[in-house]
Structure formats: structure tokens, C-alpha cells
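Colleague: Below is the file work-v2.txt, which contains compact mmCIF, C-alpha atoms.
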# COMPACT_ATOMS: atom_id res chain seq x y z
CA MET E 1 -89.11 28.72 13.98
CA ASP E 2 -86.78 26.58 16.06
CA LEU E 3 -88.19 26.15 19.57
CA ASP E 4 -85.04 24.19 20.43
CA ASP E 5 -82.88 27.33 20.19
CA PRO E 6 -81.69 28.19 23.72
CA GLY E 7 -83.13 31.71 23.45
CA ARG E 8 -86.66 30.58 22.66
CA LEU E 9 -89.60 30.34 25.08
CA ARG E 10 -92.13 27.54 24.70
CA ALA E 11 -94.93 28.63 27.06
CA ARG E 12 -98.04 29.92 25.34
CA PRO E 13 -101.22 31.51 26.76
CA GLY E 14 -104.43 29.53 26.93
CA ALA E 15 -107.34 28.83 29.23
CA PRO E 16 -106.23 28.67 32.90
CA THR E 17 -105.66 25.12 34.10
CA SER E 18 -105.55 25.77 37.86
CA GLU E 19 -107.30 27.93 40.44
CA LEU E 20 -107.00 31.63 39.62
CA LEU E 21 -104.75 33.72 41.85
CA GLU E 22 -106.40 36.44 43.90
CA PRO E 23 -105.36 40.08 43.33
CA GLY E 24 -102.04 40.97 44.93
CA LEU E 25 -98.41 39.83 45.05
CA HIS E 26 -97.71 36.10 45.10
CA PRO E 27 -94.45 34.11 45.12
CA LEU E 28 -93.75 32.27 41.89
CA GLY E 29 -93.11 29.16 43.95
CA LEU E 30 -90.84 27.56 41.37
CA THR E 31 -87.87 27.02 43.67
CA ASP E 32 -87.17 26.54 47.36
CA GLY E 33 -84.05 28.65 47.04
CA GLU E 34 -83.51 32.31 47.81
CA ARG E 35 -84.03 33.40 44.19
CA ASP E 36 -87.59 32.72 43.07
CA GLY E 37 -89.72 35.66 41.95
CA LEU E 38 -93.22 37.10 42.09
CA ILE E 39 -96.50 37.30 40.23
CA TYR E 40 -98.58 40.44 40.63
CA VAL E 41 -102.30 40.19 39.85
CA PRO E 42 -104.21 43.48 39.52
CA ASP E 43 -107.67 44.01 40.92
CA ALA E 44 -109.37 43.90 37.51
CA ASP E 45 -111.96 41.80 35.73
CA GLY E 46 -111.67 39.82 32.50
CA PRO E 47 -108.63 38.68 30.57
CA ARG E 48 -105.66 40.89 31.43
CA PRO E 49 -102.44 41.88 29.65
CA VAL E 50 -99.33 40.22 31.05
CA MET E 51 -95.74 41.44 31.17
CA LEU E 52 -92.62 39.41 31.91
CA VAL E 53 -90.64 41.93 34.00
CA LEU E 54 -86.85 41.60 34.25
CA HIS E 55 -84.83 43.30 37.00
CA GLY E 56 -81.42 44.94 36.69
CA ALA E 57 -78.06 43.44 37.69
CA THR E 58 -77.70 42.51 41.39
CA MET E 59 -81.44 43.17 41.95
CA LYS E 60 -84.28 40.89 43.04
CA ALA E 61 -87.91 40.63 42.01
CA LYS E 62 -89.17 42.23 45.21
CA TRP E 63 -87.12 45.37 44.54
CA MET E 64 -88.27 45.50 40.94
CA ALA E 65 -91.93 45.19 41.94
CA ARG E 66 -92.00 48.14 44.34
CA PRO E 67 -92.02 51.04 41.83
CA LEU E 68 -94.28 49.17 39.39
CA VAL E 69 -97.21 47.81 41.42
CA ALA E 70 -99.32 50.97 41.61
CA ALA E 71 -99.00 51.68 37.89
CA ALA E 72 -99.64 48.03 36.99
CA ASP E 73 -102.77 48.02 39.13
CA ASP E 74 -104.07 51.18 37.45
CA ALA E 75 -103.34 49.70 34.01
CA GLY E 76 -104.67 46.24 34.91
CA ILE E 77 -101.45 44.43 33.99
CA VAL E 78 -100.42 41.04 35.36
CA MET E 79 -96.67 41.12 36.08
CA VAL E 80 -94.46 38.03 36.11
CA ILE E 81 -91.20 39.01 37.84
CA PRO E 82 -88.65 36.18 38.04
CA ASP E 83 -85.32 36.37 39.83
CA SER E 84 -82.31 35.72 37.60
CA ARG E 85 -80.48 32.52 38.49
CA ARG E 86 -77.28 34.43 39.29
CA GLU E 87 -76.50 38.11 39.88
CA THR E 88 -77.62 39.05 36.38
CA TRP E 89 -79.15 37.41 33.29
CA ASP E 90 -77.47 34.45 31.63
CA VAL E 91 -76.59 36.13 28.31
CA LEU E 92 -74.29 38.47 30.26
CA MET E 93 -72.69 35.44 31.93
CA GLY E 94 -71.82 33.52 28.77
CA GLY E 95 -74.96 32.57 26.85
CA TYR E 96 -78.68 31.84 26.90
CA GLY E 97 -79.82 28.90 29.00
CA PRO E 98 -80.92 28.72 32.66
CA ASP E 99 -82.65 32.12 32.79
CA VAL E 100 -84.57 31.46 29.57
CA GLU E 101 -85.76 28.18 31.05
CA TYR E 102 -86.78 29.88 34.30
CA CYS E 103 -88.61 32.69 32.48
CA ASP E 104 -90.39 30.02 30.44
CA MET E 105 -91.53 28.24 33.62
CA ALA E 106 -92.61 31.56 35.15
CA MET E 107 -94.75 32.43 32.12
CA ALA E 108 -96.25 28.95 32.07
CA LYS E 109 -97.20 29.41 35.74
CA ALA E 110 -98.91 32.73 34.96
CA PHE E 111 -100.77 31.29 31.98
CA ALA E 112 -102.00 28.42 34.19
CA CYS E 113 -103.27 30.50 37.13
CA CYS E 114 -104.20 33.92 35.68
CA ASN E 115 -106.83 35.06 33.20
CA ILE E 116 -104.55 36.33 30.41
CA ASP E 117 -105.35 38.19 27.20
CA ALA E 118 -103.38 36.12 24.67
CA THR E 119 -103.04 39.12 22.34
CA LYS E 120 -101.32 41.30 24.96
CA VAL E 121 -98.22 39.45 26.12
CA SER E 122 -95.13 41.65 26.59
CA VAL E 123 -91.66 41.65 28.10
CA GLY E 124 -89.91 44.55 29.80
CA GLY E 125 -87.05 45.44 32.10
CA ILE E 126 -84.58 47.96 33.49
CA SER E 127 -80.83 48.19 32.71
CA ASP E 128 -79.46 44.64 32.19
CA GLY E 129 -83.07 43.50 32.38
CA ALA E 130 -83.97 45.94 29.59
CA SER E 131 -81.16 44.56 27.43
CA TYR E 132 -82.42 41.04 28.16
CA ALA E 133 -86.03 42.06 27.44
CA LEU E 134 -85.05 43.47 24.05
CA SER E 135 -83.06 40.34 23.22
CA LEU E 136 -85.75 37.88 24.37
CA GLY E 137 -88.47 39.97 22.73
CA ILE E 138 -86.76 39.95 19.34
CA MET E 139 -86.14 36.20 19.57
CA ASN E 140 -89.73 35.48 20.69
CA GLY E 141 -91.88 37.88 18.68
CA ASP E 142 -94.40 35.08 18.16
CA LEU E 143 -95.10 35.25 21.92
CA PHE E 144 -94.40 38.89 22.83
CA GLU E 145 -96.35 41.52 20.93
CA ALA E 146 -94.49 44.35 22.67
CA ILE E 147 -91.22 45.14 24.46
CA VAL E 148 -90.60 47.81 27.11
CA ALA E 149 -86.94 48.73 27.70
CA TRP E 150 -86.11 51.21 30.46
CA SER E 151 -82.46 52.31 30.00
CA PRO E 152 -81.02 49.31 28.10
CA GLY E 153 -77.34 48.80 27.34
CA PHE E 154 -77.33 46.45 24.33
CA VAL E 155 -79.33 44.03 22.18
CA ALA E 156 -78.06 40.48 21.59
CA PRO E 157 -80.63 38.20 19.93
CA ARG E 158 -79.55 34.89 18.41
CA VAL E 159 -82.47 34.83 15.99
CA GLN E 160 -85.24 37.19 14.91
CA VAL E 161 -88.83 35.94 15.12
CA GLY E 162 -91.69 38.34 14.41
CA GLN E 163 -91.47 42.09 14.86
CA PRO E 164 -92.89 43.29 18.21
CA ARG E 165 -93.38 46.99 18.86
CA VAL E 166 -90.89 48.62 21.23
CA PHE E 167 -91.08 51.31 23.93
CA LEU E 168 -87.59 52.52 24.83
CA SER E 169 -86.73 55.20 27.41
CA HIS E 170 -83.37 56.57 28.52
CA GLY E 171 -82.19 59.34 30.84
CA VAL E 172 -80.04 62.01 29.21
CA ASN E 173 -77.83 62.13 32.33
CA ASP E 174 -77.33 58.36 32.64
CA THR E 175 -73.72 57.78 33.75
CA ILE E 176 -74.01 53.98 34.05
CA LEU E 177 -75.23 53.26 30.50
CA PRO E 178 -74.67 56.57 28.66
CA ILE E 179 -77.44 57.53 26.28
CA ASP E 180 -75.09 58.29 23.37
CA LYS E 181 -73.63 54.77 23.52
CA CYS E 182 -76.80 52.90 24.46
CA GLY E 183 -80.32 54.31 24.19
CA ARG E 184 -79.89 56.44 21.08
CA PRO E 185 -78.04 53.95 18.86
CA ILE E 186 -80.29 51.10 20.02
CA ALA E 187 -83.38 53.10 19.03
CA VAL E 188 -81.89 53.98 15.64
CA ASN E 189 -80.86 50.36 14.97
CA LEU E 190 -84.29 48.98 15.86
CA HIS E 191 -86.02 51.57 13.68
CA THR E 192 -83.63 50.87 10.79
CA ASN E 193 -84.48 47.18 11.04
CA GLY E 194 -88.20 47.86 10.79
CA TYR E 195 -89.33 47.67 14.40
CA PRO E 196 -92.07 50.12 15.44
CA VAL E 197 -90.23 52.17 18.10
CA GLU E 198 -91.54 54.72 20.61
CA TYR E 199 -88.39 56.33 21.97
CA ILE E 200 -88.47 58.71 24.95
CA GLU E 201 -85.59 60.67 26.46
CA PHE E 202 -86.07 62.20 29.91
CA ASP E 203 -84.15 64.55 32.18
CA GLY E 204 -82.69 62.05 34.61
CA GLY E 205 -80.16 59.30 35.17
CA HIS E 206 -80.19 55.50 35.22
CA GLU E 207 -83.75 55.08 36.40
CA MET E 208 -87.40 54.52 35.51
CA PRO E 209 -89.37 57.51 36.85
CA ASP E 210 -93.04 56.99 37.62
CA PRO E 211 -94.23 59.16 34.66
CA ILE E 212 -92.15 56.98 32.31
CA ILE E 213 -93.49 53.77 33.86
CA ARG E 214 -97.07 54.98 33.51
CA ALA E 215 -96.50 56.20 29.96
CA SER E 216 -95.09 52.80 28.97
CA PHE E 217 -98.02 50.95 30.57
CA THR E 218 -100.52 53.21 28.80
CA TRP E 219 -98.62 52.63 25.55
CA LEU E 220 -98.97 48.88 26.18
CA THR E 221 -102.62 48.73 27.13
CA ALA E 222 -104.35 51.82 25.72
CA PRO E 223 -102.29 53.26 22.85
CA ASP E 224 -105.10 55.64 21.86
CA LEU E 225 -104.75 57.34 25.27
CA TRP E 226 -100.96 57.40 25.33
CA GLU E 227 -99.25 60.76 25.60
CA SER E 228 -95.52 61.41 25.63
CA PRO E 229 -94.28 62.49 29.09
CA ARG E 230 -91.88 64.98 27.50
Rewrite the coordinates I just gave you, this time as C-alpha cells.

Modeller:
Amino acid sequence: MDLDDPGRLRARPGAPTSELLEPGLHPLGLTDGERDGLIYVPDADGPRPVMLVLHGATMKAKWMARPLVAAADDAGIVMVIPDSRRETWDVLMGGYGPDVEYCDMAMAKAFACCNIDATKVSVGGISDGASYALSLGIMNGDLFEAIVAWSPGFVAPRVQVGQPRVFLSHGVNDTILPIDKCGRPIAVNLHTNGYPVEYIEFDGGHEMPDPIIRASFTWLTAPDLWESPR
């Protein structure tokens, strides 16, 4: 496993090394610039699952957090929501590099200041962020045990490490990333390559409806209680 590959993350969970963050939304505090990001800490006791959450193109962390916070609080999930360095993630701009490094720093920050369950580290996203989550998840399966992809467009890993389980959802009326060209073939390809895939189609467009969000979080944290929102 080559940690020097530009698509690989080096941060790993361990005992917190700084004061624990209180429940609520906090700035990542990794940059003084406009694009930084957020950490959301649920009001829950004990080691918590953590998800690296990746926004869509032209979005920011604060917009990504809004539809997720209530469901994350109910599921007890810590969310690490970085801003991409430019208008979308680096692999769509020419190759892996600055965004991988920033995600790595963001995860290291969460591991240092949150009580994390090391067995429940995941990555997820919407649209371009879903494509990036799938790609990073496949390249870093020794860190991420699960991937959540809401309406992805493609998968572009440089290497394959491990075999995380995958939750993939897509709207049947998606006109931005059509399901026949994106969600369906991606699900088939992942399944063909041996990944455990939970694939959900819903009556909607390019979006992540609350029932889908909650289903994916239940799938992450309490698979015995998960029920398809079909």
C-alpha cells in the first residue's frame, strides 16, 4: 500500500490528542481563506462514527451541512465537511493533489479533537462530491469501511485498497447526471468488482431527499435496523 500515491490519505483514528469539541457546528480552522469547512459533533456519548462529507460542484460546506445536521444528530455521526480548494474537487480539475491533502488534514483534525469509533470511518458526498467519495473510498479502503454516494457521476480511482461497502442512491428523473449513464452502470460495475452495494433508486431528480439521507445513515450506523425507503 503506497501512502505516497497522491490519492491516498494518511490520517488514522486514535485517542484524541486535544480538547474535545462540544456538540454543534465548528469551523475546521485549517485556513484563513474563504474556503475552509466545518466539523459537526452530535450530542451523543462514547466513541462516534465519523463521515468525511464532500459537497457538490460550486457548493460550500455550510450549504452541504444544512440538510444533513438533523439526521446526523439522530444517528450520532460526526461529520467532517471540508470545502474544496477550487469550485469542485481536484480530480475533476486535472488530478489528485490539493483536495486530498486538505481532506487528510480535516480528518486528522477530527481524529485529534473528537471521540471517534475507529471501526466506523466513512466517506460520502453528493454529485461531484459523490464521485469523489467513491474514488477516495476505493483508494483508501484501509481507512474507510463504507462509502455513501448520493447521485454520483463517475468513479476514477488510481488504485484499489480494501473493499468498503457502498450505499448508492440516484433519482430516476435526474437530468444533470442521468441515472442510465451514471447511477445504474456505476452500481453494476461496483457489484461486478466485488463491492457490497446497497443501491436505491427514488422518484426524484438530482438531490438527496431526507428519507434517503436517513436511510443511508441508518445503513451506516445500525444496519440491522435499516429499511429501504422504496

Colleague: Please identify all polymer residues within 10 Å of segment 131-143 of chain E, counting all atoms listed in the file, omitting same-chain residues fewer than 3 positions from it, and present them as a VMD selection string.

Modeller: chain E and resid 1 3 5 7 to 13 52 to 56 88 to 92 96 100 118 to 128 146 to 168 182 186 190 195

Colleague: Could you check which of E:Asp45, E:Tyr40, E:His170, E:Ala187 is closest to Arg66 of chain E, using all atoms listed in the file?

Modeller: E:Tyr40

Colleague: What is the atom CA of His206 of chain E-atom CA of Ala61 of chain E distance in Å, reported with one decimal?

Modeller: 18.1 Å

Colleague: How many Å lie between atom CA of Ala215 of chain E and atom CA of Val188 of chain E, rounded to one decimal?

Modeller: 20.6 Å

Colleague: What's the separation between atom CA of Ala15 of chain E and atom CA of Lys109 of chain E, in Å to one decimal place?

Modeller: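 A separation of 12.1 Å between them.
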
Colleague: Go through E:Asp36, E:Asn173, E:Asp4, E:Lys181 and flag the residue nearest Met105 of chain E, using all atoms listed in the file for the distances.

Modeller: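 With all atoms listed in the file as the atom set, the closest residue is E:Asp36.
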
Colleague: From (-101.0, 43.7, 29.3), in the file's coordinates, out to 7 Å: which residues are reached, counting all atoms listed in the file? Answer as a VMD selection string.

Modeller: chain E and resid 48 to 51 77 to 78 120 to 122 220 to 221

Colleague: Could you check the closest approach to Met59 of chain E for each of E:Gly129, E:Ala75, E:Asp117, E:Thr17 and tell me which residue wins, using all atoms listed in the file?

Modeller: E:Gly129

Colleague: Could you tell me which of E:Ala108, E:Gly183, E:Leu68, E:Leu21 comes closest to Pro211 of chain E if we count all atoms listed in the file?

Modeller: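 Result for the nearest residue to Pro211 of chain E: E:Leu68.
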
Colleague: Return the single residue from E:His191, E:Arg184, E:Arg35, E:Arg86 that is closest to Thr58 of chain E, with distances computed using only C-alpha atoms.

Modeller: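 For Thr58 of chain E, the nearest of the given residues is E:Arg86.
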
Colleague: Could you tell me which of E:Glu19, E:Asp99, E:His26, E:Arg214 comes closest to Pro6 of chain E if we count all atoms listed in the file?

Modeller: E:Asp99

Colleague: Any chance you could build segment 124-147 of chain E out to N, CA and C atoms and write it as a tab-separated table (two decimals), in the coordinates of the input?

Modeller:
chain	number	residue	atom	x	y	z
E	124	GLY	N	-90.53	43.27	29.52
E	124	GLY	CA	-89.91	44.55	29.80
E	124	GLY	C	-88.88	44.43	30.89
E	125	GLY	N	-88.06	45.47	31.04
E	125	GLY	CA	-87.05	45.44	32.10
E	125	GLY	C	-86.28	46.73	32.19
E	126	ILE	N	-85.42	46.79	33.21
E	126	ILE	CA	-84.58	47.96	33.49
E	126	ILE	C	-83.11	47.54	33.38
E	127	SER	N	-82.28	48.39	32.75
E	127	SER	CA	-80.83	48.19	32.71
E	127	SER	C	-80.47	46.85	32.06
E	128	ASP	N	-79.74	45.96	32.75
E	128	ASP	CA	-79.46	44.64	32.19
E	128	ASP	C	-80.75	43.91	31.84
E	129	GLY	N	-81.78	44.11	32.66
E	129	GLY	CA	-83.07	43.50	32.38
E	129	GLY	C	-83.71	44.06	31.12
E	130	ALA	N	-83.46	45.34	30.83
E	130	ALA	CA	-83.97	45.94	29.59
E	130	ALA	C	-83.25	45.36	28.38
E	131	SER	N	-81.94	45.19	28.51
E	131	SER	CA	-81.16	44.56	27.43
E	131	SER	C	-81.66	43.13	27.18
E	132	TYR	N	-81.93	42.42	28.27
E	132	TYR	CA	-82.42	41.04	28.16
E	132	TYR	C	-83.83	41.02	27.59
E	133	ALA	N	-84.66	41.98	27.98
E	133	ALA	CA	-86.03	42.06	27.44
E	133	ALA	C	-86.01	42.30	25.94
E	134	LEU	N	-85.16	43.23	25.49
E	134	LEU	CA	-85.05	43.47	24.05
E	134	LEU	C	-84.59	42.21	23.32
E	135	SER	N	-83.61	41.54	23.87
E	135	SER	CA	-83.06	40.34	23.22
E	135	SER	C	-84.09	39.21	23.18
E	136	LEU	N	-84.72	38.93	24.34
E	136	LEU	CA	-85.75	37.88	24.37
E	136	LEU	C	-86.94	38.26	23.49
E	137	GLY	N	-87.33	39.54	23.52
E	137	GLY	CA	-88.47	39.97	22.73
E	137	GLY	C	-88.26	39.79	21.25
E	138	ILE	N	-87.07	40.12	20.76
E	138	ILE	CA	-86.76	39.95	19.34
E	138	ILE	C	-86.72	38.48	18.96
E	139	MET	N	-86.22	37.63	19.86
E	139	MET	CA	-86.14	36.20	19.57
E	139	MET	C	-87.48	35.49	19.71
E	140	ASN	N	-88.45	36.14	20.39
E	140	ASN	CA	-89.73	35.48	20.69
E	140	ASN	C	-90.91	36.38	20.31
E	141	GLY	N	-90.82	37.00	19.14
E	141	GLY	CA	-91.88	37.88	18.68
E	141	GLY	C	-93.18	37.16	18.36
E	142	ASP	N	-93.16	35.84	18.32
E	142	ASP	CA	-94.40	35.08	18.16
E	142	ASP	C	-95.12	34.90	19.49
E	143	LEU	N	-94.47	35.25	20.60
E	143	LEU	CA	-95.10	35.25	21.92
E	143	LEU	C	-95.35	36.68	22.40
E	144	PHE	N	-94.32	37.52	22.32
E	144	PHE	CA	-94.40	38.89	22.83
E	144	PHE	C	-94.82	39.84	21.71
E	145	GLU	N	-95.93	40.54	21.93
E	145	GLU	CA	-96.35	41.52	20.93
E	145	GLU	C	-95.72	42.87	21.18
E	146	ALA	N	-95.10	43.06	22.34
E	146	ALA	CA	-94.49	44.35	22.67
E	146	ALA	C	-93.33	44.15	23.63
E	147	ILE	N	-92.39	45.12	23.59
E	147	ILE	CA	-91.22	45.14	24.46
E	147	ILE	C	-91.13	46.52	25.10
